[in-house]
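Dropping my_file.pdb in here (PDB, C-alpha atoms, pLDDT in the B column):
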```
ATOM      1  CA  MET A  25       3.103  10.697   5.665  1.00 90.00           C
ATOM      2  CA  ASN A  26       5.906   8.782   3.955  1.00 88.00           C
ATOM      3  CA  VAL A  27       5.629   8.544   0.154  1.00 87.00           C
ATOM      4  CA  PHE A  28       8.122   6.636  -1.983  1.00 86.00           C
ATOM      5  CA  ASN A  29       7.591   7.196  -5.716  1.00 84.00           C
ATOM      6  CA  ALA A  30       8.532   4.738  -8.463  1.00 76.00           C
ATOM      7  CA  VAL A  31       9.796   2.044  -6.116  1.00 80.00           C
ATOM      8  CA  LEU A  32       9.862  -0.480  -8.955  1.00 94.00           C
ATOM      9  CA  THR A  33       8.614  -1.288 -12.424  1.00 92.00           C
ATOM     10  CA  ASP A  34       7.593  -4.598 -13.968  1.00 93.00           C
ATOM     11  CA  ARG A  35       6.610  -5.018 -17.631  1.00 95.00           C
ATOM     12  CA  GLY A  36       5.390  -1.443 -17.841  1.00 94.00           C
ATOM     13  CA  SER A  37       3.530  -1.323 -14.532  1.00 95.00           C
ATOM     14  CA  LYS A  38       4.921   1.133 -12.008  1.00 96.00           C
ATOM     15  CA  TYR A  39       4.639   0.832  -8.257  1.00 97.00           C
ATOM     16  CA  ALA A  40       4.948   3.239  -5.338  1.00 96.00           C
ATOM     17  CA  VAL A  41       4.453   2.766  -1.625  1.00 97.00           C
ATOM     18  CA  SER A  42       3.191   5.163   1.039  1.00 96.00           C
ATOM     19  CA  GLY A  43       2.192   4.993   4.664  1.00 96.00           C
ATOM     20  CA  ALA A  44       1.400   6.842   7.849  1.00 96.00           C
ATOM     21  CA  GLU A  45       0.534   6.366  11.494  1.00 97.00           C
ATOM     22  CA  VAL A  46      -3.224   6.065  11.985  1.00 97.00           C
ATOM     23  CA  ALA A  47      -5.596   5.203  14.812  1.00 96.00           C
ATOM     24  CA  SER A  48      -8.942   4.823  13.005  1.00 97.00           C
ATOM     25  CA  ARG A  49     -10.687   4.318   9.673  1.00 97.00           C
ATOM     26  CA  LYS A  50     -11.284   8.061   9.629  1.00 97.00           C
ATOM     27  CA  ASN A  51      -7.512   8.643   9.837  1.00 97.00           C
ATOM     28  CA  ILE A  52      -6.963   6.192   6.974  1.00 97.00           C
ATOM     29  CA  GLN A  53      -9.482   8.014   4.796  1.00 97.00           C
ATOM     30  CA  ALA A  54      -7.722  11.304   5.561  1.00 97.00           C
ATOM     31  CA  VAL A  55      -4.353   9.809   4.548  1.00 97.00           C
ATOM     32  CA  LEU A  56      -5.831   8.467   1.291  1.00 97.00           C
ATOM     33  CA  LYS A  57      -7.442  11.835   0.570  1.00 97.00           C
ATOM     34  CA  LEU A  58      -4.124  13.594   1.142  1.00 96.00           C
ATOM     35  CA  LEU A  59      -2.295  11.104  -1.099  1.00 96.00           C
ATOM     36  CA  LYS A  60      -4.860  11.506  -3.875  1.00 97.00           C
ATOM     37  CA  LYS A  61      -4.493  15.298  -3.839  1.00 97.00           C
ATOM     38  CA  ASP A  62      -1.480  14.485  -5.975  1.00 96.00           C
ATOM     39  CA  LYS A  63      -3.113  13.902  -9.380  1.00 96.00           C
ATOM     40  CA  LYS A  64      -0.568  11.215 -10.149  1.00 95.00           C
ATOM     41  CA  PHE A  65      -1.908   9.076  -7.285  1.00 96.00           C
ATOM     42  CA  ALA A  66      -5.528  10.022  -7.965  1.00 97.00           C
ATOM     43  CA  LYS A  67      -5.140   8.672 -11.519  1.00 96.00           C
ATOM     44  CA  ALA A  68      -3.410   5.440 -10.437  1.00 97.00           C
ATOM     45  CA  THR A  69      -5.026   2.166 -11.417  1.00 97.00           C
ATOM     46  CA  HIS A  70      -4.943   0.866  -7.823  1.00 97.00           C
ATOM     47  CA  ASN A  71      -4.247   2.273  -4.356  1.00 98.00           C
ATOM     48  CA  SER A  72      -4.410  -0.915  -2.262  1.00 98.00           C
ATOM     49  CA  TRP A  73      -3.939  -0.612   1.488  1.00 98.00           C
ATOM     50  CA  ALA A  74      -4.140  -2.318   4.861  1.00 98.00           C
ATOM     51  CA  ALA A  75      -3.814  -1.471   8.549  1.00 98.00           C
ATOM     52  CA  LEU A  76      -3.883  -3.197  11.938  1.00 98.00           C
ATOM     53  CA  LEU A  77      -5.840  -0.865  14.196  1.00 98.00           C
ATOM     54  CA  GLU A  78      -5.692  -1.530  17.917  1.00 96.00           C
ATOM     55  CA  GLU A  79      -9.296  -0.399  18.420  1.00 93.00           C
ATOM     56  CA  GLU A  80     -10.877  -1.756  15.220  1.00 94.00           C
ATOM     57  CA  GLY A  81      -8.665  -4.699  14.286  1.00 96.00           C
ATOM     58  CA  PRO A  82      -7.353  -5.542  10.820  1.00 98.00           C
ATOM     59  CA  ILE A  83      -8.809  -3.757   7.783  1.00 98.00           C
ATOM     60  CA  LYS A  84      -7.843  -3.736   4.122  1.00 98.00           C
ATOM     61  CA  ASN A  85      -8.922  -2.528   0.699  1.00 98.00           C
ATOM     62  CA  ASP A  86      -7.783  -4.043  -2.608  1.00 97.00           C
ATOM     63  CA  ASP A  87      -9.013  -1.106  -4.714  1.00 97.00           C
ATOM     64  CA  GLY A  88      -9.589  -3.481  -7.616  1.00 95.00           C
ATOM     65  CA  GLU A  89      -6.242  -5.301  -7.278  1.00 95.00           C
ATOM     66  CA  SER A  90      -7.697  -8.559  -5.933  1.00 94.00           C
ATOM     67  CA  GLY A  91      -5.680  -9.918  -3.030  1.00 96.00           C
ATOM     68  CA  ALA A  92      -3.269  -6.979  -2.703  1.00 98.00           C
ATOM     69  CA  GLY A  93      -4.807  -5.716   0.544  1.00 98.00           C
ATOM     70  CA  ARG A  94      -4.564  -9.205   2.017  1.00 98.00           C
ATOM     71  CA  ILE A  95      -0.840  -9.396   1.174  1.00 98.00           C
ATOM     72  CA  ILE A  96      -0.173  -6.011   2.812  1.00 98.00           C
ATOM     73  CA  LEU A  97      -2.205  -7.032   5.863  1.00 98.00           C
ATOM     74  CA  GLN A  98      -0.289 -10.324   6.224  1.00 98.00           C
ATOM     75  CA  MET A  99       3.002  -8.446   6.159  1.00 98.00           C
ATOM     76  CA  LEU A 100       1.771  -5.955   8.775  1.00 98.00           C
ATOM     77  CA  GLU A 101       0.606  -8.839  10.970  1.00 98.00           C
ATOM     78  CA  GLY A 102       3.946 -10.633  10.534  1.00 97.00           C
ATOM     79  CA  ALA A 103       5.753  -7.467  11.594  1.00 97.00           C
ATOM     80  CA  ASP A 104       3.193  -6.790  14.357  1.00 96.00           C
ATOM     81  CA  LEU A 105       2.984  -3.202  13.096  1.00 97.00           C
ATOM     82  CA  LYS A 106      -0.158  -1.654  14.574  1.00 97.00           C
ATOM     83  CA  ASN A 107      -1.817   1.705  13.923  1.00 98.00           C
ATOM     84  CA  HIS A 108      -0.004   2.224  10.635  1.00 97.00           C
ATOM     85  CA  VAL A 109      -1.506   2.163   7.141  1.00 98.00           C
ATOM     86  CA  VAL A 110       0.601   1.004   4.183  1.00 98.00           C
ATOM     87  CA  ILE A 111      -0.602   1.873   0.677  1.00 98.00           C
ATOM     88  CA  VAL A 112       0.777   0.221  -2.463  1.00 98.00           C
ATOM     89  CA  THR A 113      -0.014   2.168  -5.631  1.00 97.00           C
ATOM     90  CA  ARG A 114       0.071   0.609  -9.094  1.00 97.00           C
ATOM     91  CA  TRP A 115      -0.116   2.246 -12.486  1.00 97.00           C
ATOM     92  CA  TYR A 116      -1.034  -0.543 -14.912  1.00 96.00           C
ATOM     93  CA  GLY A 117       1.400  -0.811 -17.800  1.00 94.00           C
ATOM     94  CA  GLY A 118      -0.662  -2.864 -20.244  1.00 92.00           C
ATOM     95  CA  THR A 119       0.706  -6.335 -19.462  1.00 91.00           C
ATOM     96  CA  LYS A 120      -0.981  -8.657 -16.967  1.00 92.00           C
ATOM     97  CA  LEU A 121       1.489  -9.761 -14.311  1.00 91.00           C
ATOM     98  CA  GLY A 122      -0.414 -12.741 -12.944  1.00 88.00           C
ATOM     99  CA  GLY A 123       0.959 -13.938  -9.606  1.00 88.00           C
ATOM    100  CA  ASP A 124       3.986 -11.664  -9.981  1.00 91.00           C
ATOM    101  CA  ARG A 125       1.790  -8.737  -8.950  1.00 93.00           C
ATOM    102  CA  PHE A 126       1.718 -10.182  -5.414  1.00 95.00           C
ATOM    103  CA  ARG A 127       5.504 -10.358  -5.359  1.00 96.00           C
ATOM    104  CA  ARG A 128       5.652  -6.707  -6.424  1.00 97.00           C
ATOM    105  CA  VAL A 129       3.268  -5.750  -3.592  1.00 97.00           C
ATOM    106  CA  GLN A 130       5.508  -7.642  -1.150  1.00 97.00           C
ATOM    107  CA  ASP A 131       8.577  -5.921  -2.598  1.00 96.00           C
ATOM    108  CA  CYS A 132       6.948  -2.529  -2.049  1.00 97.00           C
ATOM    109  CA  VAL A 133       6.012  -3.267   1.568  1.00 97.00           C
ATOM    110  CA  ARG A 134       9.530  -4.580   2.279  1.00 96.00           C
ATOM    111  CA  TYR A 135      10.952  -1.418   0.719  1.00 95.00           C
ATOM    112  CA  TYR A 136       8.678   0.679   2.939  1.00 96.00           C
ATOM    113  CA  PHE A 137       9.838  -1.168   6.062  1.00 96.00           C
ATOM    114  CA  GLU A 138      13.495  -0.750   5.085  1.00 95.00           C
ATOM    115  CA  GLU A 139      13.253   2.943   4.201  1.00 94.00           C
ATOM    116  CA  THR A 140      11.260   3.929   7.288  1.00 94.00           C
ATOM    117  CA  GLY A 141      13.044   1.662   9.756  1.00 94.00           C
ATOM    118  CA  LEU A 142       9.732   0.003  10.608  1.00 92.00           C
ATOM    119  CA  PRO A 143       8.859  -2.193  12.315  1.00 86.00           C
TER     120      PRO A 143
END
```
In structure tokens, how does this file's structure come out?
Amino acid sequence: MNVFNAVLTDRGSKYAVSGAEVASRKNIQAVLKLLKKDKKFAKATHNSWAALLEEEGPIKNDDGESGAGRIILQMLEGADLKNHVVIVTRWYGGTKLGGDRFRRVQDCVRYYFEETGLP
């Protein structure tokens, strides 16, 4: 699993991005469980994720950050990256970011692609 801590901050909110190869929902749950073994990630405000599974199709979870999973999924579809889950973690900093939160999610996914050499 690839984990990139403190990728960026915006008005007090902190973001990180993680990901791993997966082939099923069960694999995704295992990756999330492993990530959340780190108390820092377990206590995060949101762990939004998405994946394009060859067998099951596209799946996503906003984890309370409405629309974040959709943004991640769109970027995975645009890159045609299958069987890989990308997780964007946010620790809320006390200031609402409005639409900027979607730009931060995009920034995190781009960072993940750049750092891992994917797709």
Name the residues captured by the PyMOL selection byres ((chain A and resi 77-89) around 9) when it is applied to the shown file; answer as a count of residues only. 26
Can you tell me which residues surround Asn26 in chain A at a distance of at most 9 Å, considering all atoms listed in the file, apart from same-chain residues fewer than 5 positions away, and format the answer as a PyMOL selection string? chain A and resi 41-44+136+140
Two-atom distance - CA of Glu138 in chain A, CA of Asp34 in chain A (Å):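 So the answer is 20.3 Å.
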How many Å lie between CA of Val112 in chain A and CA of Val133 in chain A, rounded to one decimal?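 Separation of CA of Val112 in chain A and CA of Val133 in chain A: 7.5 Å.
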Pick from A:Val31, A:Ile111, A:Leu105, A:Leu56: nearest to Gly141 in chain A, with all atoms listed in the file counted?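 Of A:Val31, A:Ile111, A:Leu105, A:Leu56, the one nearest Gly141 in chain A, counting all atoms listed in the file, is A:Leu105.
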Do you have the CA of Lys38 in chain A-CA of Tyr116 in chain A distance handy?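 Separation between CA of Lys38 in chain A and CA of Tyr116 in chain A: 6.8 Å.
Of the residues under consideration (A:Arg35, A:Ile52, A:Asn29, A:Leu121), A:Asn29 shows the shortest atom-to-atom contact distance to Lys64 in chain A when counting all atoms listed in the file.
Distances here use only C-alpha atoms; by that measure, the residue among A:Ile95, A:Leu142, A:Ala68, A:Cys132 closest to Trp115 in chain A is A:Ala68.
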Return as AutoDock Vina command-line options the centre and edge lengths, in Å with one decimal, of the box along x, y and z that encloses every atom of range 78-90 of chain A in the file, padded by 3 Å per side.
```
--center_x -8.3 --center_y -4.5 --center_z 5.4 --size_x 11.2 --size_y 14.2 --size_z 32.0
```
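The neighbours of Gly36 in chain A here are the residues that come within 7 Å of it, using all atoms listed in the file and leaving out any residue fewer than 5 positions away in the same chain; they are A:Gly117, A:Gly118, A:Thr119.
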